[in-house]
$ cat run_6.cif   # mmCIF, C-alpha atoms
data_final
loop_
_atom_site.label_atom_id
_atom_site.label_comp_id
_atom_site.auth_asym_id
_atom_site.auth_seq_id
_atom_site.Cartn_x
_atom_site.Cartn_y
_atom_site.Cartn_z
CA MET A 173 -158.86 18.90 159.43
CA ALA A 174 -156.08 19.65 156.94
CA GLY A 175 -156.57 22.95 155.16
CA ALA A 176 -155.53 24.43 151.85
CA LEU A 177 -152.65 26.81 151.33
CA VAL A 178 -153.75 30.43 151.58
CA PRO A 179 -152.88 32.37 148.41
CA GLY A 180 -150.85 35.56 148.43
CA VAL A 181 -149.26 35.16 151.87
CA ARG A 182 -146.53 37.70 152.59
CA LYS A 183 -146.59 37.95 156.41
CA ILE A 184 -147.27 35.29 159.05
CA ALA A 185 -147.61 35.96 162.78
CA VAL A 186 -147.07 33.02 165.15
CA LEU A 187 -147.92 33.35 168.86
CA ARG A 188 -145.71 31.22 171.14
CA ALA A 189 -144.80 33.46 174.09
CA ASN A 190 -143.59 31.03 176.74
CA ALA A 191 -140.53 29.09 177.87
CA LEU A 192 -137.49 27.49 176.23
CA GLY A 193 -138.78 23.94 175.94
CA ASP A 194 -142.11 25.23 174.63
CA PHE A 195 -140.33 26.99 171.77
CA ILE A 196 -138.32 23.89 170.90
CA MET A 197 -141.55 21.85 170.66
CA ALA A 198 -142.87 24.34 168.08
CA LEU A 199 -139.83 24.18 165.77
CA PRO A 200 -141.14 21.38 163.47
CA ALA A 201 -144.33 23.41 162.92
CA LEU A 202 -142.30 26.54 162.17
CA ASP A 203 -140.14 24.56 159.74
CA ALA A 204 -143.30 23.29 158.02
CA LEU A 205 -144.58 26.87 157.70
CA ARG A 206 -141.28 27.99 156.19
CA ALA A 207 -141.41 25.18 153.62
CA ALA A 208 -145.05 25.91 152.73
CA TYR A 209 -144.59 29.68 152.46
CA PRO A 210 -140.92 30.15 151.52
CA GLU A 211 -141.29 33.82 150.51
CA ALA A 212 -143.31 34.93 153.53
CA GLU A 213 -141.93 36.74 156.55
CA ILE A 214 -142.50 34.69 159.72
CA VAL A 215 -142.81 36.85 162.83
CA LEU A 216 -142.74 35.13 166.23
CA LEU A 217 -144.83 36.84 168.89
CA GLY A 218 -142.74 35.86 171.87
CA LYS A 219 -140.80 37.03 174.91
CA GLU A 220 -137.64 39.06 175.43
CA TRP A 221 -135.53 35.92 175.62
CA HIS A 222 -136.79 34.86 172.16
CA ALA A 223 -135.62 38.17 170.71
CA ASP A 224 -132.17 37.80 172.26
CA PHE A 225 -131.75 34.12 171.44
CA LEU A 226 -133.02 34.26 167.83
CA ALA A 227 -131.18 37.41 166.80
CA GLY A 228 -128.91 36.42 163.89
CA ARG A 229 -129.77 32.72 164.26
CA PRO A 230 -130.53 30.69 161.12
CA GLY A 231 -133.96 29.11 161.20
CA PRO A 232 -137.59 29.60 160.24
CA VAL A 233 -138.19 32.80 162.30
CA ASP A 234 -137.37 36.08 160.56
CA ARG A 235 -137.94 38.37 163.53
CA VAL A 236 -139.46 38.50 167.01
CA GLU A 237 -142.08 40.89 168.37
CA VAL A 238 -142.20 40.86 172.17
CA VAL A 239 -145.73 40.47 173.56
CA PRO A 240 -146.23 42.95 176.45
CA THR A 241 -148.36 40.58 178.55
CA ASP A 242 -148.07 37.11 180.04
CA LEU A 243 -151.43 36.05 178.52
CA THR A 244 -152.65 34.88 181.93
CA ALA A 245 -154.40 38.04 183.10
CA PRO A 246 -157.50 37.43 185.21
CA GLU A 247 -160.68 37.25 183.18
CA GLY A 248 -162.17 40.68 182.66
CA GLU A 249 -158.94 42.59 183.30
CA PRO A 250 -158.74 45.43 180.77
CA GLU A 251 -156.01 45.54 178.17
CA SER A 252 -152.96 47.49 179.21
CA PRO A 253 -151.97 50.60 177.22
CA ALA A 254 -148.81 48.73 176.16
CA LEU A 255 -150.85 45.84 174.77
CA ARG A 256 -153.20 48.21 172.93
CA ARG A 257 -150.21 49.94 171.31
CA PHE A 258 -148.70 46.57 170.44
CA LEU A 259 -151.88 45.37 168.73
CA ALA A 260 -152.35 48.64 166.85
CA ARG A 261 -148.79 48.51 165.54
CA LEU A 262 -149.10 44.88 164.42
CA ARG A 263 -152.50 45.42 162.81
CA ALA A 264 -150.83 48.07 160.66
CA GLU A 265 -148.53 45.35 159.27
CA ARG A 266 -151.55 43.63 157.70
CA PHE A 267 -150.68 40.00 158.43
CA ASP A 268 -152.05 37.43 156.04
CA LEU A 269 -151.93 34.56 158.58
CA ALA A 270 -151.98 34.63 162.38
CA LEU A 271 -151.41 31.30 164.12
CA GLN A 272 -151.93 30.46 167.78
CA LEU A 273 -149.37 27.88 169.00
CA HIS A 274 -149.51 29.08 172.59
CA GLY A 275 -152.00 26.76 174.28
CA GLY A 276 -155.72 26.25 174.72
CA GLY A 277 -156.57 29.76 173.57
CA ARG A 278 -158.64 31.27 176.39
CA HIS A 279 -156.45 34.36 176.45
CA ALA A 280 -154.38 33.75 173.32
CA ASN A 281 -157.18 33.44 170.75
CA PRO A 282 -158.58 36.93 171.39
CA LEU A 283 -155.09 38.35 170.97
CA VAL A 284 -154.58 36.48 167.69
CA SER A 285 -157.99 37.58 166.41
CA ALA A 286 -157.17 41.19 167.31
CA LEU A 287 -154.24 41.19 164.87
CA GLY A 288 -156.71 41.50 161.99
CA ALA A 289 -155.09 38.84 159.79
CA ARG A 290 -156.89 37.52 156.73
CA VAL A 291 -156.91 33.98 158.19
CA THR A 292 -156.45 32.90 161.80
CA ALA A 293 -155.80 29.35 163.00
CA GLY A 294 -154.93 27.58 166.23
CA CYS A 295 -156.05 25.42 169.13
CA ARG A 296 -159.33 25.83 170.94
CA ALA A 297 -160.13 24.56 174.42
CA ASP A 298 -163.67 24.48 175.76
CA ASP A 299 -163.35 27.95 177.32
CA ALA A 300 -161.70 29.59 174.28
CA PRO A 301 -163.33 31.55 171.46
CA PRO A 302 -162.97 30.11 167.94
CA LEU A 303 -160.54 31.19 165.24
CA ASP A 304 -161.18 30.93 161.49
CA ARG A 305 -159.64 27.46 161.44
CA TRP A 306 -159.11 25.51 164.63
CA ILE A 307 -158.53 22.12 166.17
CA ARG A 308 -159.75 21.01 169.57
CA TYR A 309 -157.18 21.43 172.34
CA VAL A 310 -156.86 18.12 174.17
CA TYR A 311 -154.22 18.24 176.89
CA TYR A 312 -152.58 14.85 176.42
CA GLN A 313 -151.13 15.07 172.91
CA PRO A 314 -147.51 15.29 171.76
CA GLU A 315 -146.87 19.01 171.46
CA VAL A 316 -144.93 18.57 168.22
CA PHE A 317 -147.91 16.94 166.55
CA ARG A 318 -150.37 19.38 168.11
CA PHE A 319 -148.64 22.27 166.39
CA LEU A 320 -148.11 20.37 163.16
CA GLU A 321 -151.88 19.93 163.11
CA VAL A 322 -152.34 23.68 163.56
CA VAL A 323 -150.07 24.66 160.69
CA GLY A 324 -151.71 21.91 158.65
CA LEU A 325 -154.91 23.96 158.86
CA VAL A 326 -153.25 26.47 156.52
CA GLY A 327 -151.74 23.83 154.23
CA ALA A 328 -148.27 23.42 155.77
CA GLN A 329 -147.14 19.79 155.58
CA PRO A 330 -144.53 18.32 157.98
CA VAL A 331 -140.90 18.26 156.90
CA GLY A 332 -139.76 16.52 160.11
CA VAL A 333 -140.99 15.49 163.54
CA GLU A 334 -137.87 16.10 165.63
CA PRO A 335 -136.97 19.72 166.45
CA VAL A 336 -133.82 21.05 164.78
CA LEU A 337 -132.02 24.06 166.26
CA GLU A 338 -129.22 25.75 164.37
CA LEU A 339 -126.14 27.10 166.16
CA THR A 340 -124.23 30.28 165.43
CA GLY A 341 -120.51 30.96 165.45
CA ARG A 342 -121.10 33.04 168.57
CA ASP A 343 -122.51 29.99 170.38
CA VAL A 344 -119.53 27.84 169.45
CA ARG A 345 -116.97 30.50 170.39
CA GLU A 346 -118.59 30.94 173.80
CA VAL A 347 -118.10 27.26 174.62
CA ALA A 348 -114.60 27.12 173.16
CA GLU A 349 -113.53 30.09 175.29
CA LEU A 350 -115.14 28.70 178.44
CA LEU A 351 -113.78 25.19 178.24
CA GLY A 352 -110.39 25.92 176.74
CA ALA A 353 -108.03 22.98 177.23
CA LEU A 354 -109.75 21.71 180.38
CA LEU A 355 -111.13 18.57 178.78
CA ASP A 356 -107.91 17.04 177.42
CA GLY A 357 -109.67 15.63 174.37
CA ARG A 358 -112.01 13.38 176.34
CA PRO A 359 -115.59 12.98 175.06
CA LEU A 360 -118.10 15.13 176.90
CA ALA A 361 -121.11 14.03 178.91
CA ALA A 362 -123.49 16.53 180.51
CA LEU A 363 -125.82 16.32 183.48
CA HIS A 364 -128.67 18.81 184.00
CA PRO A 365 -130.26 18.10 187.41
CA GLY A 366 -132.57 21.12 187.60
CA ALA A 367 -136.18 21.71 186.55
CA GLY A 368 -138.57 24.57 187.18
CA ASP A 369 -141.19 22.22 188.62
CA PRO A 370 -139.75 20.26 191.60
CA ARG A 371 -142.09 17.37 190.76
CA ARG A 372 -139.93 16.75 187.67
CA ARG A 373 -136.61 16.64 189.53
CA TRP A 374 -134.78 13.35 189.86
CA PRO A 375 -132.70 13.15 193.09
CA ALA A 376 -129.30 14.84 193.05
CA GLU A 377 -127.47 11.79 194.44
CA ARG A 378 -128.69 9.70 191.49
CA PHE A 379 -127.42 12.23 189.00
CA ALA A 380 -124.09 11.94 190.83
CA GLU A 381 -124.17 8.16 190.42
CA VAL A 382 -124.74 8.55 186.68
CA GLY A 383 -121.95 11.11 186.48
CA ASP A 384 -119.49 8.76 188.19
CA ALA A 385 -120.41 5.91 185.83
CA LEU A 386 -119.85 8.12 182.79
CA ALA A 387 -116.54 9.41 184.18
CA GLU A 388 -115.38 5.85 184.76
CA ALA A 389 -116.27 5.11 181.13
CA GLY A 390 -113.92 7.89 180.01
CA ALA A 391 -116.16 10.96 179.86
CA ALA A 392 -115.34 14.48 180.91
CA VAL A 393 -118.48 15.26 182.92
CA VAL A 394 -119.98 18.75 183.01
CA ILE A 395 -122.99 19.79 185.10
CA THR A 396 -125.22 22.56 183.77
CA GLY A 397 -127.84 24.71 185.44
CA THR A 398 -129.30 28.18 185.70
CA PRO A 399 -127.93 30.68 188.23
CA GLY A 400 -130.85 29.74 190.49
CA GLU A 401 -129.82 26.08 190.31
CA ALA A 402 -126.22 26.69 191.39
CA GLU A 403 -126.70 25.06 194.80
CA LEU A 404 -128.24 21.96 193.22
CA VAL A 405 -125.37 21.70 190.74
CA ARG A 406 -122.86 22.00 193.61
CA GLN A 407 -124.73 19.26 195.45
CA VAL A 408 -124.46 16.88 192.48
CA ALA A 409 -120.77 17.66 192.04
CA GLY A 410 -120.19 17.19 195.78
CA GLU A 411 -121.89 13.80 195.75
CA MET A 412 -119.69 12.54 192.91
CA ARG A 413 -116.50 10.58 193.61
CA ARG A 414 -115.01 11.72 190.30
CA PRO A 415 -114.37 15.35 189.35
CA ALA A 416 -116.95 17.22 187.29
CA LEU A 417 -117.01 20.73 185.88
CA ASP A 418 -119.64 23.02 187.43
CA LEU A 419 -121.11 25.25 184.70
CA ALA A 420 -124.14 26.59 186.59
CA GLY A 421 -125.01 30.08 185.36
CA ARG A 422 -121.94 30.30 183.10
CA LEU A 423 -123.58 29.82 179.68
CA SER A 424 -126.12 31.66 177.60
CA ILE A 425 -128.86 29.59 175.98
CA GLY A 426 -126.87 29.57 172.75
CA GLY A 427 -123.73 28.55 174.59
CA LEU A 428 -125.63 25.77 176.33
CA ALA A 429 -126.85 24.53 172.94
CA ALA A 430 -123.31 24.53 171.56
CA LEU A 431 -122.04 22.66 174.62
CA TYR A 432 -124.69 19.97 174.23
CA ALA A 433 -123.90 19.66 170.52
CA ARG A 434 -120.40 18.56 171.56
CA CYS A 435 -121.66 15.97 174.06
CA ALA A 436 -121.75 12.24 173.49
CA VAL A 437 -124.75 12.09 175.84
CA VAL A 438 -126.86 14.50 177.92
CA VAL A 439 -128.71 13.23 181.03
CA ALA A 440 -131.41 15.56 182.30
CA ASN A 441 -134.82 16.03 183.80
CA ASP A 442 -137.73 16.91 181.52
CA THR A 443 -137.01 20.60 181.10
CA GLY A 444 -135.96 23.14 178.47
CA PRO A 445 -132.26 22.22 178.30
CA LEU A 446 -133.12 18.57 177.61
CA HIS A 447 -135.18 19.64 174.59
CA VAL A 448 -132.35 21.92 173.44
CA ALA A 449 -129.99 18.94 173.58
CA ARG A 450 -132.37 16.92 171.40
CA ALA A 451 -132.65 19.77 168.90
CA VAL A 452 -128.88 20.15 168.38
CA GLY A 453 -128.35 16.44 167.74
CA ALA A 454 -127.17 15.20 171.13
CA ALA A 455 -128.06 11.77 172.44
CA THR A 456 -130.24 12.13 175.53
CA VAL A 457 -131.43 10.23 178.56
CA GLY A 458 -134.40 12.15 179.94
CA VAL A 459 -136.19 11.36 183.20
CA TYR A 460 -139.91 11.87 182.57
CA TRP A 461 -143.15 11.66 184.45
CA CYS A 462 -145.49 9.52 182.32
CA GLY A 463 -147.90 12.35 181.52
CA ASN A 464 -145.11 14.70 180.49
CA LEU A 465 -143.64 12.01 178.25
CA ILE A 466 -146.85 12.04 176.21
CA ASN A 467 -146.62 15.77 175.64
CA ALA A 468 -142.89 16.42 175.41
CA GLY A 469 -141.05 13.14 174.92
CA PRO A 470 -138.81 12.43 171.91
CA MET A 471 -140.47 10.87 168.87
CA THR A 472 -137.52 8.59 168.04
CA ARG A 473 -135.26 6.15 169.88
CA ASP A 474 -132.11 6.09 167.72
CA ARG A 475 -130.39 8.53 170.11
CA HIS A 476 -132.93 9.01 172.89
CA ARG A 477 -133.70 6.80 175.88
CA PRO A 478 -136.49 8.33 178.00
CA GLN A 479 -136.77 6.83 181.47
CA ILE A 480 -140.33 6.86 182.76
CA SER A 481 -141.94 7.24 186.17
CA TRP A 482 -145.48 5.83 186.23
CA ARG A 483 -146.44 7.42 189.55
CA ILE A 484 -149.77 9.27 189.45
CA HIS A 485 -150.45 9.49 193.19
CA CYS A 486 -148.83 12.22 195.28
CA PRO A 487 -145.93 10.72 197.27
CA VAL A 488 -147.02 12.79 200.31
CA CYS A 489 -150.81 12.54 200.52
CA GLY A 490 -151.65 9.82 198.00
CA VAL A 491 -154.07 11.93 195.93
CA ASN A 492 -154.45 10.88 192.28
CA CYS A 493 -153.06 13.98 190.57
CA THR A 494 -154.57 13.23 187.16
CA ARG A 495 -158.18 13.55 188.31
CA ASP A 496 -158.45 17.29 187.58
CA LEU A 497 -158.32 16.36 183.88
CA TYR A 498 -160.90 13.61 184.33
CA PRO A 499 -163.62 15.02 186.63
CA ALA A 500 -166.12 12.30 185.68
CA ARG A 501 -163.89 9.72 187.36
CA GLY A 502 -164.23 11.30 190.78
CA GLY A 503 -161.53 12.03 193.34
CA GLY A 504 -161.27 15.80 193.00
CA ALA A 505 -158.40 17.95 191.81
CA GLY A 506 -154.71 17.45 192.46
CA CYS A 507 -152.95 18.50 195.65
CA ARG A 508 -150.50 21.33 196.35
CA HIS A 509 -147.52 19.15 197.25
CA ARG A 510 -144.46 19.51 195.04
CA GLU A 511 -142.36 16.48 195.97
CA SER A 512 -140.74 14.58 193.11
CA PHE A 513 -142.95 12.35 190.99
CA VAL A 514 -139.91 10.83 189.25
CA ALA A 515 -137.80 9.75 192.25
CA GLU A 516 -138.94 6.15 191.78
CA VAL A 517 -136.85 5.81 188.58
CA PRO A 518 -133.82 3.73 189.70
CA ALA A 519 -130.31 4.96 189.03
CA SER A 520 -129.38 1.61 187.47
CA GLU A 521 -131.78 2.16 184.56
CA VAL A 522 -130.48 5.64 183.83
CA VAL A 523 -126.86 4.53 184.15
CA ALA A 524 -127.42 1.65 181.71
CA ALA A 525 -129.10 3.91 179.14
CA ALA A 526 -126.45 6.64 179.48
CA LEU A 527 -123.54 4.21 179.13
CA GLU A 528 -125.13 2.55 176.09
CA LEU A 529 -125.53 5.88 174.29
CA PHE A 530 -122.15 7.18 175.45
CA GLY A 531 -120.34 4.09 174.17
CA TYR A 532 -122.17 4.07 170.85
CA ARG A 533 -121.72 7.79 170.16
CA THR A 534 -118.06 7.80 171.25
CA GLU A 535 -117.23 4.83 169.04
CA ARG A 536 -119.03 6.41 166.10
CA ALA A 537 -117.20 9.72 166.58
CA GLN A 538 -113.85 7.91 166.65
CA GLU A 539 -114.72 6.09 163.43
CA GLN A 540 -115.66 9.37 161.76
CA ALA A 541 -112.47 11.01 162.99
CA GLY A 542 -110.43 8.15 161.57
CA ALA A 543 -112.18 8.60 158.24
CA GLY A 544 -111.48 12.33 158.32
CA SER A 545 -115.14 13.31 158.53
CA LEU A 546 -115.69 14.08 162.18
CA ARG A 547 -118.53 16.55 162.65
CA PRO A 548 -119.76 17.18 166.20
CA SER A 549 -123.42 17.58 165.29
CA ARG A 550 -125.79 18.99 162.73
CA GLY A 551 -125.98 22.72 162.68
CA VAL A 552 -122.57 23.31 164.28
CA PRO A 553 -120.64 26.04 162.47
CA SER A 554 -116.95 26.73 162.69
CA PRO A 555 -115.92 28.74 165.76
CA GLY A 556 -114.01 31.13 163.51
#
$ encode --input "run_6.cif" --output "structure tokens"
Amino acid sequence: MAGALVPGVRKIAVLRANALGDFIMALPALDALRAAYPEAEIVLLGKEWHADFLAGRPGPVDRVEVVPTDLTAPEGEPESPALRRFLARLRAERFDLALQLHGGGRHANPLVSALGARVTAGCRADDAPPLDRWIRYVYYQPEVFRFLEVVGLVGAQPVGVEPVLELTGRDVREVAELLGALLDGRPLAALHPGAGDPRRRWPAERFAEVGDALAEAGAAVVITGTPGEAELVRQVAGEMRRPALDLAGRLSIGGLAALYARCAVVVANDTGPLHVARAVGAATVGVYWCGNLINAGPMTRDRHRPQISWRIHCPVCGVNCTRDLYPARGGGAGCRHRESFVAEVPASEVVAAALELFGYRTERAQEQAGAGSLRPSRGVPSPG
């Protein structure tokens, strides 16, 4: 369903108002849009955190407009005055293209249509109204390719399939000031044991086992997490026999990206920080549930080693939790339990993958340093 380039495009609105990992998955599509329409202004319709994070950051987005709704209002709920003002203001900008990269489109497609752009495009689930150009929303599809298909509807061809996130000097300075001389020149390895959905969390004691193995291999181990994950980070650090630096709640998103760009390997659950690590060039070992791997897993294996749990039945009640997507197969919808679906992944597999990547990346960095060309990662500016 590839489309032709739209002539005379000056302004492009892109709706992607959700979480950190969701934004990272959309970066290849945004890069394709930038290449296809190099003179156009690309405006991300996002959240407050997008505005803060993307301010002054090189990349395909020129500015952010914060959407004053969560796009999940109950059906039939009237528009808020704030949303009406938002739509009126954006309609006055006279967008040439408005693209929906948010999801199935039940709530998002009406918002995109209301912008009054010359051409609209996006995904369409069964319960969503159509846009001018659309592709069918099918849940199990790599998100990167889903959104590349959407921008392809307006003639934007892929320029890459792995997300690339640029750092700023501010990001790098934040990490330099935080770490100081604590690391004694040792290569870094990061653990991120948290995840918003507890079903995606690998057990804390296994993260500790991986951390000890990396420390024994010569790594300076850091453990990252949000302020709400501070107790979990302390638990991992407490389970480790070797010392690790607790960085829970101490870094902005940009600082976290700069930290990961300095790491030889990042070991994490399938969550936003893991995708940030991928996008700044870090090697990663991600622990994925099989369904999530389809949608959000890395496309390449040169520096990524996803570890997969194939469990589809709830570990508490035994219900097949994929049946809500396949009603014709019987069995009803999923359950309400939130126990881990990835706990079955053994520590030995994650340790082996982490040590392989750590050894390879450390050796390569030493070779580059010896040749006088050491560069921590793509997109890493000088801290000055």
$ closest_residue --input "run_6.cif" --among "A:Leu199, A:Val333, A:Val239, A:Leu271" --to "Phe258 (chain A)" --atoms "only C-alpha atoms"
A:Val239
$ atom_distance --input "run_6.cif" --atom1 "CA of Val448 (chain A)" --atom2 "CA of Leu339 (chain A)"
10.9 Å
$ residues_around --input "run_6.cif" --residues "Leu529 (chain A)" --least-positions-apart "2" --cutoff "10 Å" --atoms "only C-alpha atoms" --output "PyMOL selection string"
chain A and resi 436-438+454-457+474-477+524-527+531-535
$ write_last_selection --input "run_6.cif" --atoms "C-alpha atoms" --output "mmCIF file, in the frame of the given file"
data_model
loop_
_atom_site.group_PDB
_atom_site.id
_atom_site.type_symbol
_atom_site.label_atom_id
_atom_site.label_comp_id
_atom_site.auth_asym_id
_atom_site.auth_seq_id
_atom_site.Cartn_x
_atom_site.Cartn_y
_atom_site.Cartn_z
ATOM 1 C CA ALA A 436 -121.750 12.240 173.490
ATOM 2 C CA VAL A 437 -124.750 12.090 175.840
ATOM 3 C CA VAL A 438 -126.860 14.500 177.920
ATOM 4 C CA ALA A 454 -127.170 15.200 171.130
ATOM 5 C CA ALA A 455 -128.060 11.770 172.440
ATOM 6 C CA THR A 456 -130.240 12.130 175.530
ATOM 7 C CA VAL A 457 -131.430 10.230 178.560
ATOM 8 C CA ASP A 474 -132.110 6.090 167.720
ATOM 9 C CA ARG A 475 -130.390 8.530 170.110
ATOM 10 C CA HIS A 476 -132.930 9.010 172.890
ATOM 11 C CA ARG A 477 -133.700 6.800 175.880
ATOM 12 C CA ALA A 524 -127.420 1.650 181.710
ATOM 13 C CA ALA A 525 -129.100 3.910 179.140
ATOM 14 C CA ALA A 526 -126.450 6.640 179.480
ATOM 15 C CA LEU A 527 -123.540 4.210 179.130
ATOM 16 C CA GLY A 531 -120.340 4.090 174.170
ATOM 17 C CA TYR A 532 -122.170 4.070 170.850
ATOM 18 C CA ARG A 533 -121.720 7.790 170.160
ATOM 19 C CA THR A 534 -118.060 7.800 171.250
ATOM 20 C CA GLU A 535 -117.230 4.830 169.040
#
$ residues_around --input "run_6.cif" --residues "Leu417 (chain A)" --least-positions-apart "4" --cutoff "12 Å" --atoms "all atoms listed in the file" --output "number ranges by chain"
A: 350-351, 354-355, 360-364, 383, 387, 391-397, 405-406, 408-410, 412, 422
$ atom_distance --input "run_6.cif" --atom1 "CA of Leu404 (chain A)" --atom2 "CA of Ser520 (chain A)"
21.2 Å
$ resolve_selection --input "run_6.cif" --expression "the PyMOL selection byres ((chain A and resi 423-430) around 8)" --output "PyMOL selection string"
chain A and resi 225+339-340+342-344+346-347+419-422+431-434+445+448-449+452+552
$ atom_distance --input "run_6.cif" --atom1 "CA of Gly332 (chain A)" --atom2 "CA of Ala223 (chain A)"
24.5 Å
$ resolve_selection --input "run_6.cif" --expression "the PyMOL selection byres ((chain A and resi 495-498) around 12)" --output "mmCIF file with C-alpha atoms, in the frame of the given file"
data_model
loop_
_atom_site.group_PDB
_atom_site.id
_atom_site.type_symbol
_atom_site.label_atom_id
_atom_site.label_comp_id
_atom_site.auth_asym_id
_atom_site.auth_seq_id
_atom_site.Cartn_x
_atom_site.Cartn_y
_atom_site.Cartn_z
ATOM 1 C CA VAL A 310 -156.860 18.120 174.170
ATOM 2 C CA TYR A 311 -154.220 18.240 176.890
ATOM 3 C CA TYR A 312 -152.580 14.850 176.420
ATOM 4 C CA GLY A 463 -147.900 12.350 181.520
ATOM 5 C CA ILE A 484 -149.770 9.270 189.450
ATOM 6 C CA HIS A 485 -150.450 9.490 193.190
ATOM 7 C CA CYS A 486 -148.830 12.220 195.280
ATOM 8 C CA VAL A 491 -154.070 11.930 195.930
ATOM 9 C CA ASN A 492 -154.450 10.880 192.280
ATOM 10 C CA CYS A 493 -153.060 13.980 190.570
ATOM 11 C CA THR A 494 -154.570 13.230 187.160
ATOM 12 C CA PRO A 499 -163.620 15.020 186.630
ATOM 13 C CA ALA A 500 -166.120 12.300 185.680
ATOM 14 C CA ARG A 501 -163.890 9.720 187.360
ATOM 15 C CA GLY A 502 -164.230 11.300 190.780
ATOM 16 C CA GLY A 503 -161.530 12.030 193.340
ATOM 17 C CA GLY A 504 -161.270 15.800 193.000
ATOM 18 C CA ALA A 505 -158.400 17.950 191.810
ATOM 19 C CA GLY A 506 -154.710 17.450 192.460
ATOM 20 C CA CYS A 507 -152.950 18.500 195.650
#
$ residues_around --input "run_6.cif" --residues "Val514 (chain A)" --least-positions-apart "2" --cutoff "8 Å" --atoms "all atoms listed in the file" --output "ChimeraX atom specification"
/A:371-374,459-461,480-481,483,512,516-517
$ write_last_selection --input "run_6.cif" --atoms "C-alpha atoms" --output "PDB file, in the coordinates of the input"
ATOM      1  CA  ARG A 371    -142.090  17.370 190.760  1.00  0.00           C
ATOM      2  CA  ARG A 372    -139.930  16.750 187.670  1.00  0.00           C
ATOM      3  CA  ARG A 373    -136.610  16.640 189.530  1.00  0.00           C
ATOM      4  CA  TRP A 374    -134.780  13.350 189.860  1.00  0.00           C
ATOM      5  CA  VAL A 459    -136.190  11.360 183.200  1.00  0.00           C
ATOM      6  CA  TYR A 460    -139.910  11.870 182.570  1.00  0.00           C
ATOM      7  CA  TRP A 461    -143.150  11.660 184.450  1.00  0.00           C
ATOM      8  CA  ILE A 480    -140.330   6.860 182.760  1.00  0.00           C
ATOM      9  CA  SER A 481    -141.940   7.240 186.170  1.00  0.00           C
ATOM     10  CA  ARG A 483    -146.440   7.420 189.550  1.00  0.00           C
ATOM     11  CA  SER A 512    -140.740  14.580 193.110  1.00  0.00           C
ATOM     12  CA  GLU A 516    -138.940   6.150 191.780  1.00  0.00           C
ATOM     13  CA  VAL A 517    -136.850   5.810 188.580  1.00  0.00           C
TER      14      VAL A 517
END
$ residues_around --input "run_6.cif" --residues "Glu321 (chain A)" --least-positions-apart "6" --cutoff "10 Å" --atoms "all atoms listed in the file" --output "mmCIF file with C-alpha atoms, keeping the file's coordinate frame"
data_model
loop_
_atom_site.group_PDB
_atom_site.id
_atom_site.type_symbol
_atom_site.label_atom_id
_atom_site.label_comp_id
_atom_site.auth_asym_id
_atom_site.auth_seq_id
_atom_site.Cartn_x
_atom_site.Cartn_y
_atom_site.Cartn_z
ATOM 1 C CA MET A 173 -158.860 18.900 159.430
ATOM 2 C CA ALA A 174 -156.080 19.650 156.940
ATOM 3 C CA GLY A 175 -156.570 22.950 155.160
ATOM 4 C CA ALA A 201 -144.330 23.410 162.920
ATOM 5 C CA GLY A 294 -154.930 27.580 166.230
ATOM 6 C CA CYS A 295 -156.050 25.420 169.130
ATOM 7 C CA TRP A 306 -159.110 25.510 164.630
ATOM 8 C CA ILE A 307 -158.530 22.120 166.170
ATOM 9 C CA GLU A 315 -146.870 19.010 171.460
ATOM 10 C CA GLY A 327 -151.740 23.830 154.230
ATOM 11 C CA ALA A 328 -148.270 23.420 155.770
ATOM 12 C CA GLN A 329 -147.140 19.790 155.580
ATOM 13 C CA PRO A 330 -144.530 18.320 157.980
#
$ residues_around --input "run_6.cif" --residues "Arg296 (chain A)" --least-positions-apart "5" --cutoff "12 Å" --atoms "all atoms listed in the file" --output "list in words"
Leu271, Gln272, Leu273, His274, Gly275, Gly276, Gly277, Arg278, His279, Ala280, Asn281, Pro282, Pro301, Pro302, Leu303, Asp304, Arg305, Trp306, Ile307, Arg308, Tyr309, Val310, Tyr311, Arg318 and Val322 of chain A
$ closest_residue --input "run_6.cif" --among "A:Glu388, A:Glu411, A:Asp194, A:Asp224" --to "Val316 (chain A)" --atoms "all atoms listed in the file"
A:Asp194
$ resolve_selection --input "run_6.cif" --expression "the PyMOL selection byres ((chain A and resi 206-217) around 10)" --output "MDAnalysis selection string"
chainID A and resid 177:190 200:205 218:220 222:223 226 231:240 267:272 274 284 323:324 326:331
$ closest_residue --input "run_6.cif" --among "A:Gly193, A:Pro518, A:Pro478, A:Gly357" --to "Phe379 (chain A)" --atoms "only C-alpha atoms"
A:Pro518
$ closest_residue --input "run_6.cif" --among "A:Arg263, A:Arg413, A:Arg229, A:Arg358" --to "Glu338 (chain A)" --atoms "all atoms listed in the file"
A:Arg229
$ axis_aligned_box --input "run_6.cif" --around "region 308-317 of chain A" --padding-each-side "6 Å" --output "AutoDock Vina command-line options"
--center_x -152.3 --center_y 18.1 --center_z 171.7 --size_x 26.8 --size_y 18.6 --size_z 22.3
